[in-house]
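Shown next, in structure tokens, is the structure this report addresses.
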There are 2 protein chains.
Amino acid sequence: MSLEAARPTINDVAERAGVSRTTVSNALNGKGTIGEATIARVRRVADELGYEPNAVARGLRQSKLGVISLLIRPLESLDTAMPEGVDYFLRFAGSAALAAMDHGYSLMLISDPSKPGAPPSSLAADGCLVEAPIRNDPALSLLDRKRIPFVAIGVDPARPDAFPAFVQQTEGETARVLDHLHEAGARRIALVTGTDENAWNVFARDAYEQWTARHGVEAIHRSIDETLGVEGGRMVAHELLSGATPPDGVYCLTGRHAAGFVAGARELGIDVPEDLVVAAGSDAVMNRTSSPTITALDLRPVETARLAVDALIRILQDEPVDWSSLDPTSELVVRESTSRRRGDGPAQA
Amino acid sequence: MSLEAARPTINDVAERAGVSRTTVSNALNGKGTIGEATIARVRRVADELGYEPNAVARGLRQSKLGVISLLIRPLESLDTAMPEGVDYFLRFAGSAALAAMDHGYSLMLISDPSKPGAPPSSLAADGCLVEAPIRNDPALSLLDRKRIPFVAIGVDPARPDAFPAFVQQTEGETARVLDHLHEAGARRIALVTGTDENAWNVFARDAYEQWTARHGVEAIHRSIDETLGVEGGRMVAHELLSGATPPDGVYCLTGRHAAGFVAGARELGIDVPEDLVVAAGSDAVMNRTSSPTITALDLRPVETARLAVDALIRILQDEPVDWSSLDPTSELVVRESTSRRRGDGPAQA
DNA sequence: GATAGCTGATGAATCGATTCTTGTAAATCG
DNA sequence: CGATTTACAAGAATCGATTCATCAGCTATC
């Protein structure tokens, strides 16, 4: 029919339809007052040419690009490749992408825009999601300064009330898990956290210390680099379980640490759950399918991501956000690693 | 010091430094001929103001945004949420994002731009990665027509040589897996594919038919919706294994189908691997940690994504791409589901 | 029959950068 | 000393859209 130009612009359409740029824009966007006949003609020509507005040009004029970005803070420490079994972030990102698409947005994965060499595109989005901000997160400060709307998933531990954020109920959840381990018979419960200074690690540790103080038991805490993954869990297991008074319960915040801890215990001839009960603070596929399966807190990344995207887009469209209804709920999924065959009652003191 | 404007523009910097826009641009980008003193002053003022170039404006002028997009074709059929255990795509996306960041690009996850309601931003990127295109993929045609550089991961089955693509060696790999199942003692080997018409499903089926013809055995093929996941695998297992002459080996292209197939077999009292050997065409975490662990083809999503991003960015920068060295290699990871205790020799005919 | 109002459409300004072209002063040259 | 480089910087055009202000031609009103 017509030889389509590589990327026809609005000018091509205008010329071919014998009208002005303005008329084309108005006709296609339903603005202004344009006659029926003209609208139809412009539409037809636009279709013939395969015209689609250039999102960048439109974005410049309207200062909105139809893109939201996602900054996954822990990714910064992961460096080159995504270790195996890190499904929380990936599931979060996948769900966020699909949710964004539902609203006509695309999701852009970015690296820390506050870092010197950061690509300019990392600030090009209309709004930003920040997953697990770190203490005094410079990215949050930057976004705030640049007046780029954002929603954090998890607060900045140093500034919990400074910015709009989804507040995980880390304290309550931590206590719940520790109570569960206690009910499963554990009397010396250790905590293994990661090293990132995000709300998850920081508040879980606080809650753990309160819990141990309340119960009058010793606090045994180790933090180990998230990037070490399963291997990191094994290392801590060897260290903790070879001591004089090893713990008989452990709460590992990351699923991979928990999996590694179980593996390490097994290497030392310690049976899970009979001699040691283990729970994970984040549910990974490997916790569901390993043997024994591992009790874990399901943080519902898919649902949380969807809620976060919805909230951000409401902000972008100047609609009110009801934060109170949006705090993510998590669920404790009890599996074999905390289910002793000899019953749930406390072991003899 | 200075009260920073929300987002200072190049004009603000120019005014404050007492020079023209042009000079600011040249000074910051090292172009043109600008005096040392002026450069220093502009830099200082830019820092004071916290100026960073607007990526959208720059993108409009240079017609490159510093963004590459990723279209995951199978995601279109997955609809609302990412089912559990779909780690191939997520790992691919995560790795692609990190690789893009290494090159100063951001990665945008988009939905099919050829669909009517698609957001305009889905065509805004400088280049596009298309994972697992479908037969006569309209997205590939669109990108080609719009002259947007792209790299496909897996060919369009109807047009295998039309576009730049990473060509998986599906035929060879399929034969390899079938040989392995045969060596493990299977004599009636079934194939379970998904329903998407991508190279993976189409070519594996072709290769399977050739293999069965070559070996003079019956071809038993079922295709089942990818979205049904583990449950789909169970259903096929029940259907196939309840028949008069059930297969004693099965090759499921997706990891979740394989996991479901094993579960279904177990429900029917069929032992894996003693009575039935099972292999998966895509390695998922659940295949590594399930019991029994499941033999699978590791498609190396992380490495493949990195190679694809590198290739696309070379194209964007007009550098030559050596495709011959880039075809993704996959590895057969042998696990319990194909390791019979009674030995690997063929059962008696 | 002049004024006001409405319809349909247009030219110019704008978003914030980069890039092409031009211009001016000082320095160099014959 | 006048002509010509050279160094440095500014002005204007451009990218492709949207939006503001305007305008021509009709119709309705009194």
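In the structure tokens, the first chain shown is A, the next is B, and so on; residue numbers restart at 1 for each chain, and ligands run from 1 in the order shown.
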
Can you list, as an MDAnalysis selection string, every protein, DNA or RNA residue that comes within 10 Å of B:Gly18 when you count only C-alpha atoms (C1' of nucleotides), leaving out same-chain residues fewer than 5 positions away? chainID B and resid 12:13 23:24 38 41:42

Compile the contact shell of A:Lys64 as JSON, numbers by chain: residues with an atom at most 9 Å away, counting only C-alpha atoms (C1' of nucleotides), same-chain residues fewer than 3 positions apart removed. {"A": [58, 59, 60, 61, 67, 124, 125, 126]}

Compute the chain D side of the contact with chain A at 12 Å, counting only C-alpha atoms (C1' of nucleotides), and hand it back as JSON, numbers by chain. {"D": [15, 16, 17, 18, 19, 20]}

Keeping only C-alpha atoms (C1' of nucleotides), write those residues as a PDB file, in the first residue's frame.
ATOM      1  C1'  DC D  15      14.727  16.265  18.242  1.00  0.00           C
ATOM      2  C1'  DG D  16       8.941  15.078  18.187  1.00  0.00           C
ATOM      3  C1'  DA D  17       5.564  15.722  20.505  1.00  0.00           C
ATOM      4  C1'  DT D  18       1.790  18.875  23.407  1.00  0.00           C
ATOM      5  C1'  DT D  19      -0.384  23.169  24.559  1.00  0.00           C
ATOM      6  C1'  DC D  20      -1.446  28.102  24.443  1.00  0.00           C
TER       7       DC D  20
END

What residues in chain C have any atom no more than 7 Å from chain B when counting only C-alpha atoms (C1' of nucleotides), and can you write them as a PyMOL selection string? chain C and resi 16-18

Per residue of chain A within 7 Å of chain B, which atom pair is closest and at what distance in Å (one decimal), using only C-alpha atoms, listed by chain and increasing number, as a Markdown table?
| residue | atom | partner | partner_atom | distance |
| --- | --- | --- | --- | --- |
| A:Ala6 | CA | B:Lys146 | CA | 5.1 |
| A:Arg7 | CA | B:Lys146 | CA | 5.5 |
| A:Ala55 | CA | B:Ser121 | CA | 5.4 |
| A:Val56 | CA | B:Leu60 | CA | 5.8 |
| A:Ala57 | CA | B:Leu60 | CA | 5.9 |
| A:Gly59 | CA | B:Val56 | CA | 6.9 |
| A:Leu60 | CA | B:Val56 | CA | 5.9 |
| A:Leu65 | CA | B:Ser121 | CA | 6.7 |
| A:Gly66 | CA | B:Ser121 | CA | 5.9 |
| A:Val67 | CA | B:Ser121 | CA | 6.8 |
| A:Thr80 | CA | B:Leu98 | CA | 6.6 |
| A:Ala81 | CA | B:Ser95 | CA | 6.0 |
| A:Met82 | CA | B:Ser95 | CA | 6.3 |
| A:Gly85 | CA | B:Val285 | CA | 6.8 |
| A:Leu90 | CA | B:Leu90 | CA | 5.6 |
| A:Gly94 | CA | B:Met82 | CA | 6.7 |
| A:Ser95 | CA | B:Ala81 | CA | 6.0 |
| A:Ala97 | CA | B:Leu109 | CA | 6.3 |
| A:Leu98 | CA | B:Thr80 | CA | 6.7 |
| A:Met101 | CA | B:Ser111 | CA | 6.6 |
| A:Gly104 | CA | B:Pro119 | CA | 5.0 |
| A:Tyr105 | CA | B:Pro119 | CA | 6.2 |
| A:Ser106 | CA | B:Ile110 | CA | 5.5 |
| A:Leu107 | CA | B:Leu109 | CA | 5.3 |
| A:Met108 | CA | B:Met108 | CA | 4.0 |
| A:Leu109 | CA | B:Leu107 | CA | 5.3 |
| A:Ile110 | CA | B:Ser106 | CA | 5.4 |
| A:Ser111 | CA | B:Met101 | CA | 6.6 |
| A:Ala118 | CA | B:Gly104 | CA | 6.9 |
| A:Pro119 | CA | B:Gly104 | CA | 5.1 |
| A:Pro120 | CA | B:Ala55 | CA | 5.4 |
| A:Ser121 | CA | B:Ala55 | CA | 5.4 |
| A:Ser122 | CA | B:Ser106 | CA | 6.7 |
| A:Ala124 | CA | B:Ala55 | CA | 5.6 |
| A:Arg145 | CA | B:Ala6 | CA | 6.3 |
| A:Lys146 | CA | B:Ala6 | CA | 5.0 |
| A:Arg147 | CA | B:Ala6 | CA | 5.9 |
| A:Val285 | CA | B:Met286 | CA | 6.4 |
| A:Met286 | CA | B:Thr289 | CA | 6.0 |
| A:Thr289 | CA | B:Ser290 | CA | 4.8 |
| A:Ser290 | CA | B:Thr289 | CA | 4.8 |

Need to verify the contact set: B:Ser141, 12 Å, only C-alpha atoms (C1' of nucleotides), exclusion of same-chain residues closer than 3 positions in sequence. Can you return it as a compact mmCIF listing (two decimals) with all heavy atoms, in the first residue's frame?
# COMPACT_ATOMS: atom_id res chain seq x y z
N ASP B 112 3.98 -6.82 25.20
CA ASP B 112 3.94 -6.89 23.75
C ASP B 112 3.56 -5.54 23.11
O ASP B 112 2.42 -5.11 23.21
CB ASP B 112 2.92 -7.95 23.34
CG ASP B 112 2.90 -8.17 21.85
OD1 ASP B 112 3.55 -7.39 21.13
OD2 ASP B 112 2.24 -9.12 21.40
N PRO B 113 4.51 -4.89 22.44
CA PRO B 113 4.23 -3.57 21.86
C PRO B 113 3.31 -3.66 20.64
O PRO B 113 2.80 -2.64 20.19
CB PRO B 113 5.61 -3.04 21.48
CG PRO B 113 6.45 -4.25 21.31
CD PRO B 113 5.87 -5.33 22.19
N SER B 114 3.12 -4.84 20.12
CA SER B 114 2.27 -4.95 18.94
C SER B 114 0.80 -5.11 19.32
O SER B 114 -0.07 -5.08 18.46
CB SER B 114 2.72 -6.14 18.08
OG SER B 114 2.46 -7.36 18.74
N VAL B 130 14.18 -9.98 22.86
CA VAL B 130 12.93 -10.74 22.83
C VAL B 130 13.22 -12.19 23.20
O VAL B 130 13.91 -12.90 22.46
CB VAL B 130 12.26 -10.68 21.45
CG1 VAL B 130 10.94 -11.44 21.48
CG2 VAL B 130 12.04 -9.25 21.01
N PRO B 133 10.58 -15.90 21.15
CA PRO B 133 9.54 -15.42 20.24
C PRO B 133 8.64 -16.57 19.80
O PRO B 133 9.07 -17.73 19.77
CB PRO B 133 10.31 -14.85 19.06
CG PRO B 133 11.70 -15.35 19.18
CD PRO B 133 11.93 -15.69 20.61
N ILE B 134 7.42 -16.23 19.46
CA ILE B 134 6.48 -17.24 19.00
C ILE B 134 6.46 -17.27 17.48
O ILE B 134 7.08 -16.44 16.82
CB ILE B 134 5.07 -16.97 19.55
CG1 ILE B 134 4.59 -15.59 19.08
CG2 ILE B 134 5.06 -17.07 21.05
CD1 ILE B 134 3.18 -15.27 19.51
N ARG B 135 5.75 -18.23 16.94
CA ARG B 135 5.68 -18.38 15.48
C ARG B 135 5.13 -17.11 14.82
O ARG B 135 4.10 -16.60 15.24
CB ARG B 135 4.78 -19.57 15.16
CG ARG B 135 4.62 -19.87 13.69
CD ARG B 135 3.59 -20.96 13.47
NE ARG B 135 4.00 -22.25 13.99
CZ ARG B 135 4.85 -23.06 13.36
NH1 ARG B 135 5.39 -22.70 12.21
NH2 ARG B 135 5.17 -24.21 13.90
N ASN B 136 5.85 -16.61 13.82
CA ASN B 136 5.45 -15.38 13.13
C ASN B 136 5.21 -14.24 14.11
O ASN B 136 4.23 -13.50 14.00
CB ASN B 136 4.19 -15.61 12.30
CG ASN B 136 4.52 -16.26 10.98
OD1 ASN B 136 5.47 -15.84 10.30
ND2 ASN B 136 3.79 -17.29 10.62
N ASP B 137 6.11 -14.10 15.02
CA ASP B 137 5.91 -13.17 16.12
C ASP B 137 5.66 -11.74 15.63
O ASP B 137 6.52 -11.15 14.98
CB ASP B 137 7.13 -13.20 17.04
CG ASP B 137 6.80 -12.67 18.42
OD1 ASP B 137 6.11 -11.65 18.49
OD2 ASP B 137 7.23 -13.29 19.41
N PRO B 138 4.49 -11.18 15.94
CA PRO B 138 4.21 -9.82 15.50
C PRO B 138 5.12 -8.79 16.15
O PRO B 138 5.37 -7.72 15.57
CB PRO B 138 2.75 -9.60 15.92
CG PRO B 138 2.47 -10.62 16.96
CD PRO B 138 3.36 -11.79 16.65
N ASP B 144 11.16 -4.76 13.70
CA ASP B 144 11.88 -4.70 12.44
C ASP B 144 11.40 -3.51 11.61
O ASP B 144 12.19 -2.75 11.06
CB ASP B 144 11.66 -6.01 11.68
CG ASP B 144 12.48 -6.06 10.40
OD1 ASP B 144 13.69 -5.80 10.47
OD2 ASP B 144 11.89 -6.35 9.34
N ARG B 145 10.08 -3.36 11.55
CA ARG B 145 9.49 -2.27 10.77
C ARG B 145 9.89 -0.91 11.33
O ARG B 145 10.19 0.01 10.58
CB ARG B 145 7.97 -2.43 10.79
CG ARG B 145 7.27 -1.74 9.67
CD ARG B 145 5.97 -2.44 9.28
NE ARG B 145 5.45 -3.37 10.28
CZ ARG B 145 4.59 -3.04 11.24
NH1 ARG B 145 4.17 -1.80 11.37
NH2 ARG B 145 4.15 -3.97 12.07
N LYS B 146 9.93 -0.82 12.64
CA LYS B 146 10.27 0.46 13.27
C LYS B 146 11.77 0.68 13.33
O LYS B 146 12.24 1.66 13.91
CB LYS B 146 9.71 0.50 14.70
CG LYS B 146 8.23 0.33 14.80
CD LYS B 146 7.51 1.64 14.71
CE LYS B 146 6.02 1.43 14.83
NZ LYS B 146 5.25 2.52 14.22
N ARG B 147 12.52 -0.25 12.79
CA ARG B 147 13.97 -0.15 12.80
C ARG B 147 14.54 -0.03 14.22
O ARG B 147 15.48 0.71 14.45
CB ARG B 147 14.45 1.06 12.00
CG ARG B 147 13.84 1.16 10.62
CD ARG B 147 14.74 0.58 9.56
NE ARG B 147 14.39 1.06 8.24
CZ ARG B 147 13.29 0.69 7.57
NH1 ARG B 147 12.46 -0.18 8.12
NH2 ARG B 147 13.07 1.16 6.35
N ILE B 148 13.89 -0.71 15.14
CA ILE B 148 14.44 -0.74 16.49
C ILE B 148 15.32 -1.98 16.59
O ILE B 148 14.84 -3.09 16.37
CB ILE B 148 13.32 -0.81 17.54
CG1 ILE B 148 12.46 0.45 17.44
CG2 ILE B 148 13.90 -0.95 18.94
CD1 ILE B 148 11.26 0.45 18.38
N PRO B 149 16.60 -1.79 16.87
CA PRO B 149 17.50 -2.95 16.93
C PRO B 149 17.02 -3.94 17.98
O PRO B 149 16.56 -3.55 19.05
CB PRO B 149 18.84 -2.33 17.34
CG PRO B 149 18.73 -0.89 17.03
CD PRO B 149 17.28 -0.53 17.18
N PHE B 150 17.11 -5.20 17.65
CA PHE B 150 16.72 -6.19 18.65
C PHE B 150 17.51 -7.47 18.45
O PHE B 150 18.07 -7.73 17.39
CB PHE B 150 15.22 -6.47 18.60
CG PHE B 150 14.76 -7.15 17.34
CD1 PHE B 150 14.70 -8.53 17.27
CD2 PHE B 150 14.39 -6.41 16.24
CE1 PHE B 150 14.27 -9.16 16.12
CE2 PHE B 150 13.97 -7.03 15.07
CZ PHE B 150 13.91 -8.40 15.00
N ALA B 152 16.83 -11.60 19.35
CA ALA B 152 15.90 -12.59 19.88
C ALA B 152 16.69 -13.69 20.56
O ALA B 152 17.80 -14.02 20.15
CB ALA B 152 15.04 -13.16 18.76
N ASP B 156 12.36 -17.27 15.71
CA ASP B 156 10.96 -17.38 15.35
C ASP B 156 10.83 -18.67 14.53
O ASP B 156 11.44 -18.79 13.47
CB ASP B 156 10.57 -16.16 14.51
CG ASP B 156 9.11 -16.19 14.07
OD1 ASP B 156 8.55 -17.29 13.94
OD2 ASP B 156 8.56 -15.11 13.84
N ARG B 159 10.31 -18.24 10.90
CA ARG B 159 11.28 -17.45 10.14
C ARG B 159 12.65 -17.56 10.81
O ARG B 159 13.18 -16.57 11.32
CB ARG B 159 10.85 -15.98 10.11
CG ARG B 159 9.47 -15.76 9.50
CD ARG B 159 9.02 -14.32 9.67
NE ARG B 159 8.67 -14.04 11.07
CZ ARG B 159 8.20 -12.85 11.49
NH1 ARG B 159 8.04 -11.86 10.62
NH2 ARG B 159 7.91 -12.67 12.75
N ALA B 162 15.36 -14.97 9.69
CA ALA B 162 14.99 -13.61 9.32
C ALA B 162 15.65 -12.54 10.19
O ALA B 162 15.94 -11.45 9.72
CB ALA B 162 13.46 -13.47 9.37
N PHE B 163 15.88 -12.85 11.43
CA PHE B 163 16.32 -11.81 12.35
C PHE B 163 17.51 -12.27 13.17
O PHE B 163 17.73 -13.46 13.34
CB PHE B 163 15.17 -11.44 13.29
CG PHE B 163 13.91 -11.04 12.58
CD1 PHE B 163 12.76 -11.80 12.72
CD2 PHE B 163 13.87 -9.92 11.76
CE1 PHE B 163 11.59 -11.43 12.07
CE2 PHE B 163 12.71 -9.55 11.10
CZ PHE B 163 11.57 -10.31 11.26

Alpha helix (DSSP H) per DSSP on the backbone: members of stretch 209-341 of chain B, as a VMD selection string: chain B and resid 209 to 215 229 to 241 255 to 267 285 to 289 301 to 316

Mind writing the picked residues with C-alpha atoms as a PDB file, in the first residue's frame?
ATOM      1  CA  GLU B 209       9.831 -37.247  16.198  1.00  0.00           C
ATOM      2  CA  GLN B 210      13.049 -37.713  14.309  1.00  0.00           C
ATOM      3  CA  TRP B 211      14.586 -39.512  17.246  1.00  0.00           C
ATOM      4  CA  THR B 212      11.668 -41.893  17.678  1.00  0.00           C
ATOM      5  CA  ALA B 213      11.578 -42.550  13.939  1.00  0.00           C
ATOM      6  CA  ARG B 214      15.288 -43.253  13.910  1.00  0.00           C
ATOM      7  CA  HIS B 215      14.934 -45.658  16.796  1.00  0.00           C
ATOM      8  CA  GLY B 229       2.701 -25.623  36.000  1.00  0.00           C
ATOM      9  CA  VAL B 230       3.163 -28.448  38.460  1.00  0.00           C
ATOM     10  CA  GLU B 231      -0.521 -29.282  38.368  1.00  0.00           C
ATOM     11  CA  GLY B 232      -0.338 -29.665  34.598  1.00  0.00           C
ATOM     12  CA  GLY B 233       2.504 -32.130  34.959  1.00  0.00           C
ATOM     13  CA  ARG B 234       0.432 -34.174  37.421  1.00  0.00           C
ATOM     14  CA  MET B 235      -2.505 -34.283  35.060  1.00  0.00           C
ATOM     15  CA  VAL B 236      -0.412 -35.544  32.164  1.00  0.00           C
ATOM     16  CA  ALA B 237       1.217 -38.126  34.391  1.00  0.00           C
ATOM     17  CA  HIS B 238      -2.133 -39.520  35.417  1.00  0.00           C
ATOM     18  CA  GLU B 239      -3.322 -39.625  31.828  1.00  0.00           C
ATOM     19  CA  LEU B 240      -0.199 -41.228  30.399  1.00  0.00           C
ATOM     20  CA  LEU B 241       0.652 -43.615  33.209  1.00  0.00           C
ATOM     21  CA  GLY B 255      10.870 -27.965  35.064  1.00  0.00           C
ATOM     22  CA  ARG B 256       7.492 -27.549  36.699  1.00  0.00           C
ATOM     23  CA  HIS B 257       5.855 -30.082  34.430  1.00  0.00           C
ATOM     24  CA  ALA B 258       8.607 -32.523  35.306  1.00  0.00           C
ATOM     25  CA  ALA B 259       8.121 -31.922  39.012  1.00  0.00           C
ATOM     26  CA  GLY B 260       4.393 -32.448  38.611  1.00  0.00           C
ATOM     27  CA  PHE B 261       4.948 -35.572  36.554  1.00  0.00           C
ATOM     28  CA  VAL B 262       7.064 -37.091  39.283  1.00  0.00           C
ATOM     29  CA  ALA B 263       4.437 -36.218  41.862  1.00  0.00           C
ATOM     30  CA  GLY B 264       1.729 -37.753  39.697  1.00  0.00           C
ATOM     31  CA  ALA B 265       3.736 -40.925  39.187  1.00  0.00           C
ATOM     32  CA  ARG B 266       4.253 -41.251  42.892  1.00  0.00           C
ATOM     33  CA  GLU B 267       0.536 -40.938  43.487  1.00  0.00           C
ATOM     34  CA  VAL B 285      15.376 -24.724  41.759  1.00  0.00           C
ATOM     35  CA  MET B 286      12.641 -27.185  42.534  1.00  0.00           C
ATOM     36  CA  ASN B 287      14.346 -29.779  40.357  1.00  0.00           C
ATOM     37  CA  ARG B 288      17.524 -29.452  42.364  1.00  0.00           C
ATOM     38  CA  THR B 289      15.948 -29.693  45.770  1.00  0.00           C
ATOM     39  CA  PRO B 301      19.789 -18.261  31.733  1.00  0.00           C
ATOM     40  CA  VAL B 302      22.253 -16.070  33.575  1.00  0.00           C
ATOM     41  CA  GLU B 303      25.030 -16.524  31.048  1.00  0.00           C
ATOM     42  CA  THR B 304      22.680 -16.367  28.086  1.00  0.00           C
ATOM     43  CA  ALA B 305      21.148 -13.113  29.280  1.00  0.00           C
ATOM     44  CA  ARG B 306      24.544 -11.572  29.690  1.00  0.00           C
ATOM     45  CA  LEU B 307      25.610 -12.615  26.207  1.00  0.00           C
ATOM     46  CA  ALA B 308      22.383 -11.310  24.723  1.00  0.00           C
ATOM     47  CA  VAL B 309      22.718  -7.947  26.425  1.00  0.00           C
ATOM     48  CA  ASP B 310      26.324  -7.669  25.304  1.00  0.00           C
ATOM     49  CA  ALA B 311      25.366  -8.465  21.724  1.00  0.00           C
ATOM     50  CA  LEU B 312      22.519  -5.974  21.684  1.00  0.00           C
ATOM     51  CA  ILE B 313      24.661  -3.222  23.092  1.00  0.00           C
ATOM     52  CA  ARG B 314      27.353  -3.917  20.538  1.00  0.00           C
ATOM     53  CA  ILE B 315      24.709  -3.550  17.846  1.00  0.00           C
ATOM     54  CA  LEU B 316      23.542  -0.287  19.366  1.00  0.00           C
TER      55      LEU B 316
END

Find the distance between atom CA of A:Leu49 and atom CA of B:Ile72 and write it in Å to one decimal.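 Those two atoms sit 27.2 Å apart.
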
Within 8 Å of stretch 196-201 of chain A, counting only C-alpha atoms (C1' of nucleotides), which residues qualify if same-chain residues fewer than 2 places away don't, as a ChimeraX atom specification? /A:74,132-135,154-157,170,193-194,203-205,225-226,253

Could you write out the selected residues, including N, CA and C atoms, as a compact mmCIF listing (two decimals), in the first residue's frame?
# COMPACT_ATOMS: atom_id res chain seq x y z
N PRO A 74 19.32 -4.51 47.81
CA PRO A 74 20.26 -5.60 48.07
C PRO A 74 20.98 -6.05 46.81
N ALA A 132 13.74 -2.40 50.07
CA ALA A 132 14.68 -2.59 51.18
C ALA A 132 15.77 -1.53 51.25
N PRO A 133 15.39 -0.30 51.49
CA PRO A 133 16.39 0.76 51.60
C PRO A 133 17.33 0.51 52.78
N ILE A 134 18.53 1.04 52.66
CA ILE A 134 19.50 0.86 53.73
C ILE A 134 19.49 2.08 54.65
N ARG A 135 20.23 1.99 55.73
CA ARG A 135 20.26 3.08 56.72
C ARG A 135 20.73 4.38 56.07
N GLY A 154 9.72 -1.21 52.88
CA GLY A 154 10.56 -1.27 54.07
C GLY A 154 11.12 0.12 54.33
N VAL A 155 11.12 0.53 55.56
CA VAL A 155 11.57 1.90 55.87
C VAL A 155 13.08 2.00 55.89
N ASP A 156 13.55 3.23 55.84
CA ASP A 156 14.95 3.52 56.10
C ASP A 156 15.12 3.43 57.62
N PRO A 157 15.95 2.51 58.11
CA PRO A 157 16.01 2.28 59.56
C PRO A 157 16.38 3.54 60.34
N THR A 170 8.11 -6.09 61.10
CA THR A 170 9.22 -6.97 61.41
C THR A 170 9.24 -7.41 62.87
N THR A 193 21.38 -13.08 60.81
CA THR A 193 20.90 -12.04 59.90
C THR A 193 21.92 -11.84 58.78
N GLY A 194 21.51 -11.00 57.82
CA GLY A 194 22.46 -10.57 56.80
C GLY A 194 23.22 -9.35 57.30
N PHE A 203 15.67 -4.33 62.31
CA PHE A 203 14.54 -4.47 63.23
C PHE A 203 14.38 -5.89 63.73
N ALA A 204 14.74 -6.86 62.90
CA ALA A 204 14.67 -8.24 63.36
C ALA A 204 15.64 -8.44 64.52
N ARG A 205 16.80 -7.84 64.38
CA ARG A 205 17.77 -7.96 65.46
C ARG A 205 17.27 -7.29 66.75
N ASP A 225 27.23 -12.12 55.46
CA ASP A 225 26.96 -11.51 54.17
C ASP A 225 25.88 -12.26 53.40
N GLU A 226 24.89 -11.54 52.93
CA GLU A 226 23.82 -12.14 52.15
C GLU A 226 24.37 -12.85 50.90
N LEU A 253 17.35 -15.22 58.71
CA LEU A 253 16.45 -14.31 57.99
C LEU A 253 16.35 -14.63 56.50

Check the DSSP output for the backbone and give back, as a list in words, the residues of stretch 82-133 of chain B in strand (DSSP E or B).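 So, restricting stretch 82-133 of chain B to strand (DSSP E or B), we get Ser106, Leu107, Met108, Leu109, Ile110, Gly127, Cys128, Leu129, Val130 and Glu131 of chain B.
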
Stretch 6-11 of chain C environment, 10 Å, only C-alpha atoms (C1' of nucleotides), sequence neighbours closer than 2 positions dropped, as a PyMOL selection string: (chain A and resi 19-23+32-35+38) or (chain C and resi 4+13) or (chain D and resi 21-28)

Mind pulling up the distance from atom CA of A:Ala219 to atom CA of A:Ala186? 13.4 Å

In Å, with one decimal, what is the gap from atom C1' of C:DC15 to atom CA of A:Lys115? 26.7 Å

Pick out the residues sitting within 12 Å of D:DT4, and hand them over as a list in words; count only C-alpha atoms (C1' of nucleotides), and ignore anything fewer than 3 positions along from it in its own chain. DA27, DT28, DC29 and DG30 of chain C

Output the selection as a short mmCIF file (atom, residue, chain, number, x, y, z; two decimals), in the first residue's frame - C-alpha atoms (C1' of nucleotides) for each residue.
data_model
loop_
_atom_site.label_atom_id
_atom_site.label_comp_id
_atom_site.auth_asym_id
_atom_site.auth_seq_id
_atom_site.Cartn_x
_atom_site.Cartn_y
_atom_site.Cartn_z
"C1'" DA C 27 47.67 35.66 18.81
"C1'" DT C 28 50.44 34.59 14.82
"C1'" DC C 29 52.32 35.37 10.37
"C1'" DG C 30 54.40 37.39 6.21
#
